$ cat input_7.cif   # mmCIF, C-alpha atoms and all ligand atoms
data_entry
#
loop_
_atom_site.label_atom_id
_atom_site.label_comp_id
_atom_site.auth_asym_id
_atom_site.auth_seq_id
_atom_site.Cartn_x
_atom_site.Cartn_y
_atom_site.Cartn_z
CA MET A 1 14.29 -167.87 13.91
CA LEU A 2 12.10 -169.29 11.19
CA LEU A 3 8.62 -167.93 11.01
CA HIS A 4 5.83 -170.51 11.23
CA PHE A 5 2.11 -170.33 10.70
CA ALA A 6 0.25 -169.88 13.99
CA ASP A 7 -0.72 -173.16 15.70
CA ALA A 8 1.73 -175.17 13.58
CA SER A 9 3.76 -177.86 15.37
CA GLN A 10 7.16 -179.42 14.74
CA ASP A 11 5.66 -182.79 13.86
CA THR A 12 6.55 -183.60 10.26
CA SER A 13 3.98 -186.42 10.18
CA SER A 14 1.11 -183.96 10.71
CA LYS A 15 -1.95 -184.28 8.50
CA PHE A 16 -1.62 -180.69 7.25
CA ILE A 17 1.62 -179.45 5.72
CA ILE A 18 2.04 -175.73 5.13
CA LEU A 19 4.73 -174.62 2.71
CA GLY A 20 5.65 -171.27 1.21
CA VAL A 21 6.87 -170.68 -2.33
CA PRO A 22 8.31 -167.14 -2.50
CA PHE A 23 8.45 -166.72 -6.26
CA ASP A 24 7.05 -163.95 -8.47
CA GLY A 25 9.34 -164.15 -11.48
CA THR A 26 6.69 -164.07 -14.22
CA SER A 27 4.40 -161.50 -12.61
CA SER A 28 3.30 -159.22 -15.36
CA PHE A 29 1.97 -156.05 -13.75
CA ARG A 30 2.97 -155.63 -10.09
CA HIS A 31 5.56 -157.72 -8.31
CA GLY A 32 5.71 -158.56 -4.62
CA SER A 33 3.96 -161.93 -4.16
CA LYS A 34 7.34 -163.43 -3.21
CA PHE A 35 6.95 -161.65 0.13
CA ALA A 36 3.53 -163.18 0.78
CA PRO A 37 4.39 -166.48 2.54
CA ASP A 38 6.00 -164.78 5.52
CA GLU A 39 3.51 -161.89 5.64
CA ILE A 40 0.62 -164.36 5.69
CA ARG A 41 2.35 -166.32 8.46
CA LYS A 42 2.78 -163.11 10.47
CA ALA A 43 -0.87 -162.22 9.90
CA SER A 44 -1.95 -165.65 11.17
CA TYR A 45 -0.95 -164.66 14.72
CA ASN A 46 -3.72 -162.02 14.79
CA LEU A 47 -6.39 -164.69 14.48
CA GLU A 48 -8.09 -166.73 17.19
CA SER A 49 -7.25 -170.42 16.93
CA TYR A 50 -10.81 -171.36 17.87
CA LEU A 51 -13.38 -171.22 15.07
CA PRO A 52 -16.81 -171.12 16.72
CA GLU A 53 -18.86 -171.93 13.62
CA HIS A 54 -17.05 -175.27 13.31
CA ASP A 55 -16.36 -175.76 17.02
CA VAL A 56 -12.78 -176.53 16.01
CA ASP A 57 -9.59 -175.30 17.66
CA LEU A 58 -6.64 -175.15 15.30
CA SER A 59 -4.18 -175.55 18.16
CA SER A 60 -5.41 -179.13 18.60
CA ILE A 61 -5.09 -180.05 14.90
CA PRO A 62 -1.85 -181.60 13.58
CA ILE A 63 -0.33 -178.90 11.37
CA TYR A 64 3.31 -178.72 10.32
CA ASP A 65 4.84 -175.67 8.63
CA MET A 66 7.85 -176.87 6.65
CA GLY A 67 8.89 -173.31 5.80
CA ASN A 68 9.61 -172.02 2.33
CA ILE A 69 10.81 -173.95 -0.70
CA GLY A 70 13.78 -171.85 -1.73
CA THR A 71 14.61 -168.34 -0.62
CA LEU A 72 13.54 -165.02 -2.06
CA ASP A 73 16.47 -164.73 -4.44
CA GLU A 74 17.24 -168.39 -5.04
CA PHE A 75 14.81 -169.10 -7.82
CA GLY A 76 15.86 -168.61 -11.39
CA LYS A 77 13.49 -169.82 -14.04
CA VAL A 78 9.84 -170.54 -13.42
CA GLU A 79 10.38 -174.12 -14.66
CA ASP A 80 12.76 -174.71 -11.72
CA VAL A 81 10.13 -173.51 -9.27
CA ILE A 82 7.47 -175.73 -10.82
CA ASP A 83 9.87 -178.69 -10.55
CA ALA A 84 10.61 -177.86 -6.89
CA VAL A 85 6.89 -177.70 -6.10
CA TYR A 86 6.28 -180.97 -7.94
CA SER A 87 9.05 -182.88 -6.17
CA THR A 88 7.91 -181.58 -2.78
CA LEU A 89 4.20 -182.27 -3.23
CA ILE A 90 4.71 -185.72 -4.72
CA ASN A 91 6.03 -186.75 -1.28
CA ILE A 92 3.08 -185.21 0.55
CA PHE A 93 0.10 -186.51 -1.47
CA PRO A 94 -2.09 -188.35 -0.76
CA GLN A 95 -1.52 -189.19 2.93
CA GLN A 96 -0.95 -185.61 3.95
CA PHE A 97 -2.73 -182.42 2.98
CA PRO A 98 -0.51 -179.66 1.58
CA ILE A 99 -1.41 -175.98 1.82
CA MET A 100 0.91 -174.03 -0.38
CA ILE A 101 1.34 -170.28 0.08
CA GLY A 102 2.49 -168.38 -3.01
CA GLY A 103 4.12 -166.70 -4.63
CA GLU A 104 2.52 -166.24 -7.96
CA HIS A 105 -0.04 -168.56 -9.50
CA SER A 106 2.42 -170.39 -11.78
CA ILE A 107 3.42 -172.54 -8.77
CA THR A 108 0.09 -174.38 -9.10
CA ILE A 109 1.38 -175.96 -12.34
CA GLY A 110 3.76 -177.94 -10.10
CA ALA A 111 0.79 -179.05 -8.00
CA ALA A 112 -1.07 -180.17 -11.13
CA LYS A 113 1.92 -182.30 -12.11
CA ALA A 114 1.99 -183.89 -8.66
CA LEU A 115 -1.73 -184.67 -8.91
CA LYS A 116 -1.48 -186.19 -12.36
CA ASN A 117 -1.12 -189.82 -11.31
CA MET A 118 -3.87 -189.72 -8.72
CA LYS A 119 -7.24 -190.93 -9.89
CA ASN A 120 -10.30 -188.73 -10.19
CA VAL A 121 -8.61 -185.52 -9.11
CA GLY A 122 -9.51 -182.05 -10.34
CA ILE A 123 -8.44 -178.51 -9.59
CA LEU A 124 -11.04 -175.95 -8.59
CA PHE A 125 -9.75 -172.43 -9.19
CA ILE A 126 -11.03 -169.21 -7.72
CA ASP A 127 -9.59 -166.50 -9.92
CA ALA A 128 -10.47 -163.21 -11.60
CA HIS A 129 -8.51 -164.40 -14.61
CA ALA A 130 -9.04 -167.37 -16.86
CA ASP A 131 -5.27 -168.04 -16.86
CA PHE A 132 -5.98 -169.95 -20.06
CA ARG A 133 -3.36 -168.43 -22.33
CA ASP A 134 -1.22 -170.91 -24.23
CA GLN A 135 1.73 -168.59 -23.62
CA TYR A 136 2.26 -165.10 -22.26
CA LEU A 137 5.17 -162.85 -23.25
CA GLY A 138 6.78 -165.93 -24.78
CA ASN A 139 6.49 -168.00 -21.59
CA ARG A 140 4.26 -171.10 -21.43
CA PHE A 141 4.65 -171.29 -17.65
CA SER A 142 3.63 -167.71 -16.89
CA HIS A 143 1.04 -167.18 -14.16
CA ALA A 144 -1.29 -166.20 -17.02
CA CYS A 145 -1.09 -169.82 -18.30
CA THR A 146 -1.76 -171.74 -15.06
CA ALA A 147 -5.23 -173.04 -15.83
CA ARG A 148 -4.25 -173.90 -19.40
CA ARG A 149 -1.30 -176.05 -18.29
CA ALA A 150 -3.41 -177.63 -15.54
CA TYR A 151 -6.12 -178.36 -18.10
CA GLU A 152 -3.56 -180.23 -20.23
CA ILE A 153 -1.90 -182.06 -17.34
CA LEU A 154 -5.19 -183.19 -15.75
CA GLU A 155 -6.91 -183.84 -19.07
CA GLY A 156 -9.62 -181.28 -18.66
CA LYS A 157 -10.35 -181.78 -14.96
CA ILE A 158 -10.30 -178.13 -13.94
CA MET A 159 -12.96 -175.53 -13.20
CA SER A 160 -12.63 -171.82 -12.48
CA ILE A 161 -15.06 -169.64 -10.54
CA GLY A 162 -15.09 -165.85 -10.56
CA VAL A 163 -13.48 -165.19 -13.94
CA ARG A 164 -13.95 -161.63 -15.20
CA SER A 165 -10.73 -160.80 -17.03
CA VAL A 166 -10.05 -162.79 -20.16
CA SER A 167 -8.60 -162.26 -23.61
CA LYS A 168 -10.48 -163.02 -26.81
CA GLU A 169 -7.96 -165.76 -27.61
CA GLU A 170 -8.53 -167.45 -24.25
CA MET A 171 -12.27 -167.31 -24.84
CA GLU A 172 -11.90 -168.89 -28.30
CA ASP A 173 -9.48 -171.56 -27.07
CA ALA A 174 -11.77 -172.51 -24.20
CA LYS A 175 -14.72 -172.74 -26.57
CA ARG A 176 -12.76 -174.91 -28.98
CA LEU A 177 -11.71 -177.22 -26.13
CA ASN A 178 -15.24 -177.24 -24.71
CA TYR A 179 -14.08 -175.84 -21.37
CA LYS A 180 -16.52 -173.47 -19.66
CA TRP A 181 -15.64 -171.60 -16.46
CA ILE A 182 -18.14 -169.83 -14.22
CA ASP A 183 -17.64 -166.11 -14.60
CA ALA A 184 -18.11 -163.55 -11.84
CA TYR A 185 -21.27 -162.10 -13.38
CA GLU A 186 -23.01 -165.45 -13.48
CA PHE A 187 -21.77 -166.11 -9.95
CA HIS A 188 -23.34 -162.89 -8.65
CA ARG A 189 -26.55 -163.41 -10.60
CA ARG A 190 -27.14 -166.94 -9.36
CA GLY A 191 -25.35 -166.97 -5.99
CA TRP A 192 -22.74 -169.38 -4.67
CA ARG A 193 -25.15 -172.13 -3.66
CA ASP A 194 -26.58 -172.41 -7.14
CA VAL A 195 -23.30 -172.34 -9.07
CA ILE A 196 -21.11 -174.53 -6.85
CA GLY A 197 -23.11 -177.67 -7.58
CA GLU A 198 -22.84 -177.04 -11.29
CA ALA A 199 -19.13 -176.28 -10.99
CA LEU A 200 -18.54 -179.62 -9.28
CA ASP A 201 -20.66 -181.45 -11.86
CA ARG A 202 -18.56 -179.99 -14.64
CA LEU A 203 -15.33 -180.69 -12.76
CA ASP A 204 -16.44 -184.31 -12.38
CA ALA A 205 -13.78 -185.27 -9.81
CA GLU A 206 -13.98 -187.18 -6.55
CA LYS A 207 -11.06 -185.35 -5.01
CA ILE A 208 -10.48 -181.63 -5.29
CA TYR A 209 -7.39 -179.49 -5.05
CA LEU A 210 -8.48 -175.92 -4.37
CA SER A 211 -6.35 -173.18 -5.90
CA ILE A 212 -7.25 -169.72 -4.67
CA ASP A 213 -5.79 -166.85 -6.65
CA ILE A 214 -6.52 -164.04 -4.19
CA ASP A 215 -7.55 -161.71 -7.02
CA GLY A 216 -10.67 -163.84 -7.39
CA ILE A 217 -11.85 -161.90 -4.34
CA ASP A 218 -12.83 -158.28 -4.96
CA PRO A 219 -9.99 -155.76 -4.49
CA SER A 220 -12.16 -153.82 -2.06
CA TYR A 221 -11.52 -156.75 0.32
CA ALA A 222 -8.18 -157.94 -1.04
CA PRO A 223 -6.28 -154.95 -2.44
CA GLY A 224 -2.83 -156.46 -2.02
CA THR A 225 -2.49 -158.35 -5.28
CA GLY A 226 -0.63 -158.04 -8.55
CA THR A 227 -3.51 -157.64 -10.99
CA PRO A 228 -6.64 -156.45 -9.17
CA GLU A 229 -10.02 -156.75 -10.91
CA PHE A 230 -13.30 -155.42 -9.58
CA PHE A 231 -16.70 -157.22 -9.53
CA GLY A 232 -15.12 -160.06 -7.58
CA LEU A 233 -16.28 -162.56 -4.98
CA SER A 234 -16.61 -161.63 -1.32
CA PRO A 235 -14.60 -163.36 1.42
CA MET A 236 -17.87 -164.90 2.62
CA ASP A 237 -18.52 -166.34 -0.86
CA VAL A 238 -15.14 -168.03 -0.76
CA LYS A 239 -15.68 -169.31 2.78
CA ASN A 240 -18.99 -170.80 1.66
CA ILE A 241 -17.29 -172.50 -1.28
CA ILE A 242 -14.53 -173.88 0.96
CA ASP A 243 -17.05 -175.24 3.46
CA PHE A 244 -19.13 -176.78 0.67
CA VAL A 245 -16.20 -178.62 -0.96
CA GLY A 246 -14.34 -179.29 2.32
CA GLU A 247 -14.89 -183.02 2.48
CA TYR A 248 -13.55 -183.55 -1.05
CA LEU A 249 -10.40 -181.47 -0.58
CA ILE A 250 -6.96 -183.10 -0.78
CA GLY A 251 -4.84 -179.96 -0.85
CA ALA A 252 -4.95 -176.25 -1.54
CA ASP A 253 -2.99 -173.16 -2.33
CA ILE A 254 -3.35 -169.41 -1.97
CA THR A 255 -1.42 -167.34 -4.47
CA GLU A 256 -0.92 -163.80 -5.78
CA VAL A 257 -1.05 -161.94 -2.45
CA SER A 258 1.30 -158.98 -2.90
CA PRO A 259 2.26 -157.38 0.44
CA PRO A 260 3.80 -154.20 -1.07
CA TYR A 261 0.32 -153.27 -2.33
CA ASP A 262 -1.53 -154.40 0.76
CA ASN A 263 -3.08 -152.43 3.60
CA GLY A 264 -2.65 -155.55 5.71
CA ASN A 265 -6.11 -157.00 5.11
CA THR A 266 -5.17 -159.23 2.18
CA SER A 267 -2.61 -161.17 4.21
CA ILE A 268 -5.06 -161.48 7.11
CA LEU A 269 -7.73 -162.74 4.73
CA ALA A 270 -5.33 -165.28 3.22
CA ALA A 271 -4.39 -166.52 6.70
CA ARG A 272 -8.07 -166.77 7.62
CA LEU A 273 -8.86 -168.78 4.48
CA ILE A 274 -6.02 -171.17 5.34
CA GLN A 275 -7.57 -171.62 8.79
CA GLU A 276 -10.91 -172.26 7.15
CA ILE A 277 -9.52 -174.92 4.80
CA ILE A 278 -7.82 -176.75 7.66
CA ALA A 279 -10.81 -176.51 10.00
CA ILE A 280 -13.44 -177.77 7.57
CA LYS A 281 -11.26 -180.60 6.30
CA TRP A 282 -10.43 -181.69 9.83
CA LYS A 283 -14.04 -181.50 10.89
CA MET A 284 -15.16 -183.59 7.92
CA MET A 285 -12.48 -186.20 8.72
CA GLU A 286 -13.53 -186.33 12.37
CA ASP A 287 -17.21 -186.64 11.44
CA LYS A 288 -16.36 -189.63 9.26
CA PHE A 289 -14.88 -191.50 12.19
CA LYS A 290 -17.68 -190.73 14.63
MN MN B 1 -5.78 -163.85 -11.19
MN MN B 2 -4.35 -166.80 -11.50
#

$ encode --input "input_7.cif" --output "structure tokens"
Amino acid sequence: MLLHFADASQDTSSKFIILGVPFDGTSSFRHGSKFAPDEIRKASYNLESYLPEHDVDLSSIPIYDMGNIGTLDEFGKVEDVIDAVYSTLINIFPQQFPIMIGGEHSITIGAAKALKNMKNVGILFIDAHADFRDQYLGNRFSHACTARRAYEILEGKIMSIGVRSVSKEEMEDAKRLNYKWIDAYEFHRRGWRDVIGEALDRLDAEKIYLSIDIDGIDPSYAPGTGTPEFFGLSPMDVKNIIDFVGEYLIGADITEVSPPYDNGNTSILAARLIQEIIAIKWKMMEDKFK
């Protein structure tokens, strides 16, 4: 039997579409994110469907889990995966709201391509890494190049929060292109409330696709990831960001969870963040029609 996210229905016309992309072919340090979609689905069954802070019950929200794009061993090149993501998401935007479960972060390049022809759309990243390399180990579609490709595809409409691992070349390239992320140190110094407004000003988009690389969160909370970096955001920080941008969201992904390195908490956290994204978006939509 196929595994589905908790509270998901069989209705393909649902507002929210969950899809897994089990690919970790360019992962540089530790593999394993290809196992994340199903582990995160399993973890979702440990969570209550009712979220008291929003007074929302996920079991009454239209959610469809379409399963995984491809199987664990089906994917060859990263370009094929990006194409598969693109051709899937292009049929989901803008009427429906996709939530993509990685897999590694390179899959978000496919999302950027699918967003390209929509007006006033930007990608907000939460990530420990700038992912702004022009190429990595000879590959321009490596997960270390995600933000760079998205920057090109969306003509600058990206913003990253939580960056604390970056090469000198990335720093110089960003400076040259006049792109300035919000690093983790500034985030901690100023607090989420202060930086999120500025992040959105710089992003300058009416609609936001949220791309959460789980390593943006500190490894003390989210140890199960390929390239852990300390001094990260807390889960509460990320929840606050999600709730703040909720009404502008048009889609989201969570990438880089690596179950072989997890104690279980990282998958549970990812499942909880997916719940949060769905709940706040739904609540904002309902409020609009009241
Ligand atoms: Mn990262
Ligand atoms: Mn990343």

$ residues_around --input "input_7.cif" --residues "segment 74-87 of chain A" --least-positions-apart "3" --cutoff "7 Å" --atoms "all atoms listed in the file" --output "ChimeraX atom specification"
/A:23,25,70-71,90-91,107,109-111,113-114,141

$ closest_atom_pairs --input "input_7.cif" --of "chain A" --to "ligand MN 1 (chain B)" --cutoff "8 Å" --atoms "all atoms listed in the file" --output "tab-separated table"
residue	atom	partner	partner_atom	distance
A:His105	CA	B:MN1	MN	7.6
A:Asp127	CA	B:MN1	MN	4.8
A:Ala128	CA	B:MN1	MN	4.8
A:His129	CA	B:MN1	MN	4.4
A:Ala130	CA	B:MN1	MN	7.4
A:Asp131	CA	B:MN1	MN	7.1
A:Ala144	CA	B:MN1	MN	7.7
A:Asp213	CA	B:MN1	MN	5.4
A:Ile214	CA	B:MN1	MN	7.0
A:Asp215	CA	B:MN1	MN	5.0
A:Gly216	CA	B:MN1	MN	6.2
A:Thr227	CA	B:MN1	MN	6.6
A:Pro228	CA	B:MN1	MN	7.7
A:Glu256	CA	B:MN1	MN	7.3

$ closest_residue --input "input_7.cif" --among "A:His143, A:Arg164, A:Arg272, A:Lys281" --to "ligand MN 2 (chain B)" --atoms "all atoms listed in the file"
A:His143

$ closest_residue --input "input_7.cif" --among "A:Arg133, A:Lys42, A:Lys288, A:Lys239" --to "ligand MN 2 (chain B)" --atoms "all atoms listed in the file"
A:Arg133

$ closest_residue --input "input_7.cif" --among "A:His188, A:Arg202, A:Lys175, A:Arg148" --to "ligand MN 2 (chain B)" --atoms "all atoms listed in the file"
A:Arg148

$ closest_residue --input "input_7.cif" --among "A:Thr88, A:Thr266, A:Thr225, A:Ser49" --to "ligand MN 2 (chain B)" --atoms "all atoms listed in the file"
A:Thr225

$ build_atoms --input "input_7.cif" --residues "segment 31-48 of chain A" --atoms "N, CA and C atoms" --output "mmCIF file, in the coordinates of the input"
data_model
loop_
_atom_site.group_PDB
_atom_site.id
_atom_site.type_symbol
_atom_site.label_atom_id
_atom_site.label_comp_id
_atom_site.auth_asym_id
_atom_site.auth_seq_id
_atom_site.Cartn_x
_atom_site.Cartn_y
_atom_site.Cartn_z
ATOM 1 N N HIS A 31 4.856 -156.650 -9.022
ATOM 2 C CA HIS A 31 5.560 -157.720 -8.310
ATOM 3 C C HIS A 31 5.213 -157.707 -6.823
ATOM 4 N N GLY A 32 5.824 -158.604 -6.080
ATOM 5 C CA GLY A 32 5.710 -158.560 -4.620
ATOM 6 C C GLY A 32 5.135 -159.800 -3.983
ATOM 7 N N SER A 33 4.577 -160.743 -4.793
ATOM 8 C CA SER A 33 3.960 -161.930 -4.160
ATOM 9 C C SER A 33 5.027 -162.825 -3.516
ATOM 10 N N LYS A 34 6.307 -162.614 -3.866
ATOM 11 C CA LYS A 34 7.340 -163.430 -3.210
ATOM 12 C C LYS A 34 7.447 -163.117 -1.720
ATOM 13 N N PHE A 35 6.913 -161.991 -1.299
ATOM 14 C CA PHE A 35 6.950 -161.650 0.130
ATOM 15 C C PHE A 35 5.757 -162.235 0.899
ATOM 16 N N ALA A 36 4.797 -162.794 0.152
ATOM 17 C CA ALA A 36 3.530 -163.180 0.780
ATOM 18 C C ALA A 36 3.632 -164.319 1.816
ATOM 19 N N PRO A 37 4.422 -165.387 1.559
ATOM 20 C CA PRO A 37 4.390 -166.480 2.540
ATOM 21 C C PRO A 37 4.660 -166.006 3.975
ATOM 22 N N ASP A 38 5.680 -165.202 4.147
ATOM 23 C CA ASP A 38 6.000 -164.780 5.520
ATOM 24 C C ASP A 38 5.020 -163.736 6.043
ATOM 25 N N GLU A 39 4.501 -162.875 5.167
ATOM 26 C CA GLU A 39 3.510 -161.890 5.640
ATOM 27 C C GLU A 39 2.220 -162.590 6.080
ATOM 28 N N ILE A 40 1.836 -163.625 5.332
ATOM 29 C CA ILE A 40 0.620 -164.360 5.690
ATOM 30 C C ILE A 40 0.835 -165.113 7.001
ATOM 31 N N ARG A 41 2.038 -165.662 7.173
ATOM 32 C CA ARG A 41 2.350 -166.320 8.460
ATOM 33 C C ARG A 41 2.242 -165.314 9.602
ATOM 34 N N LYS A 42 2.847 -164.134 9.408
ATOM 35 C CA LYS A 42 2.780 -163.110 10.470
ATOM 36 C C LYS A 42 1.318 -162.763 10.775
ATOM 37 N N ALA A 43 0.537 -162.593 9.725
ATOM 38 C CA ALA A 43 -0.870 -162.220 9.900
ATOM 39 C C ALA A 43 -1.638 -163.288 10.677
ATOM 40 N N SER A 44 -1.202 -164.547 10.542
ATOM 41 C CA SER A 44 -1.950 -165.650 11.170
ATOM 42 C C SER A 44 -1.976 -165.520 12.699
ATOM 43 N N TYR A 45 -1.005 -164.793 13.257
ATOM 44 C CA TYR A 45 -0.950 -164.660 14.720
ATOM 45 C C TYR A 45 -2.001 -163.681 15.249
ATOM 46 N N ASN A 46 -2.651 -162.936 14.355
ATOM 47 C CA ASN A 46 -3.720 -162.020 14.790
ATOM 48 C C ASN A 46 -5.050 -162.731 14.941
ATOM 49 N N LEU A 47 -5.103 -164.002 14.528
ATOM 50 C CA LEU A 47 -6.390 -164.690 14.480
ATOM 51 C C LEU A 47 -6.562 -165.631 15.665
ATOM 52 N N GLU A 48 -7.779 -165.746 16.152
ATOM 53 C CA GLU A 48 -8.090 -166.730 17.190
ATOM 54 C C GLU A 48 -7.921 -168.132 16.617
#
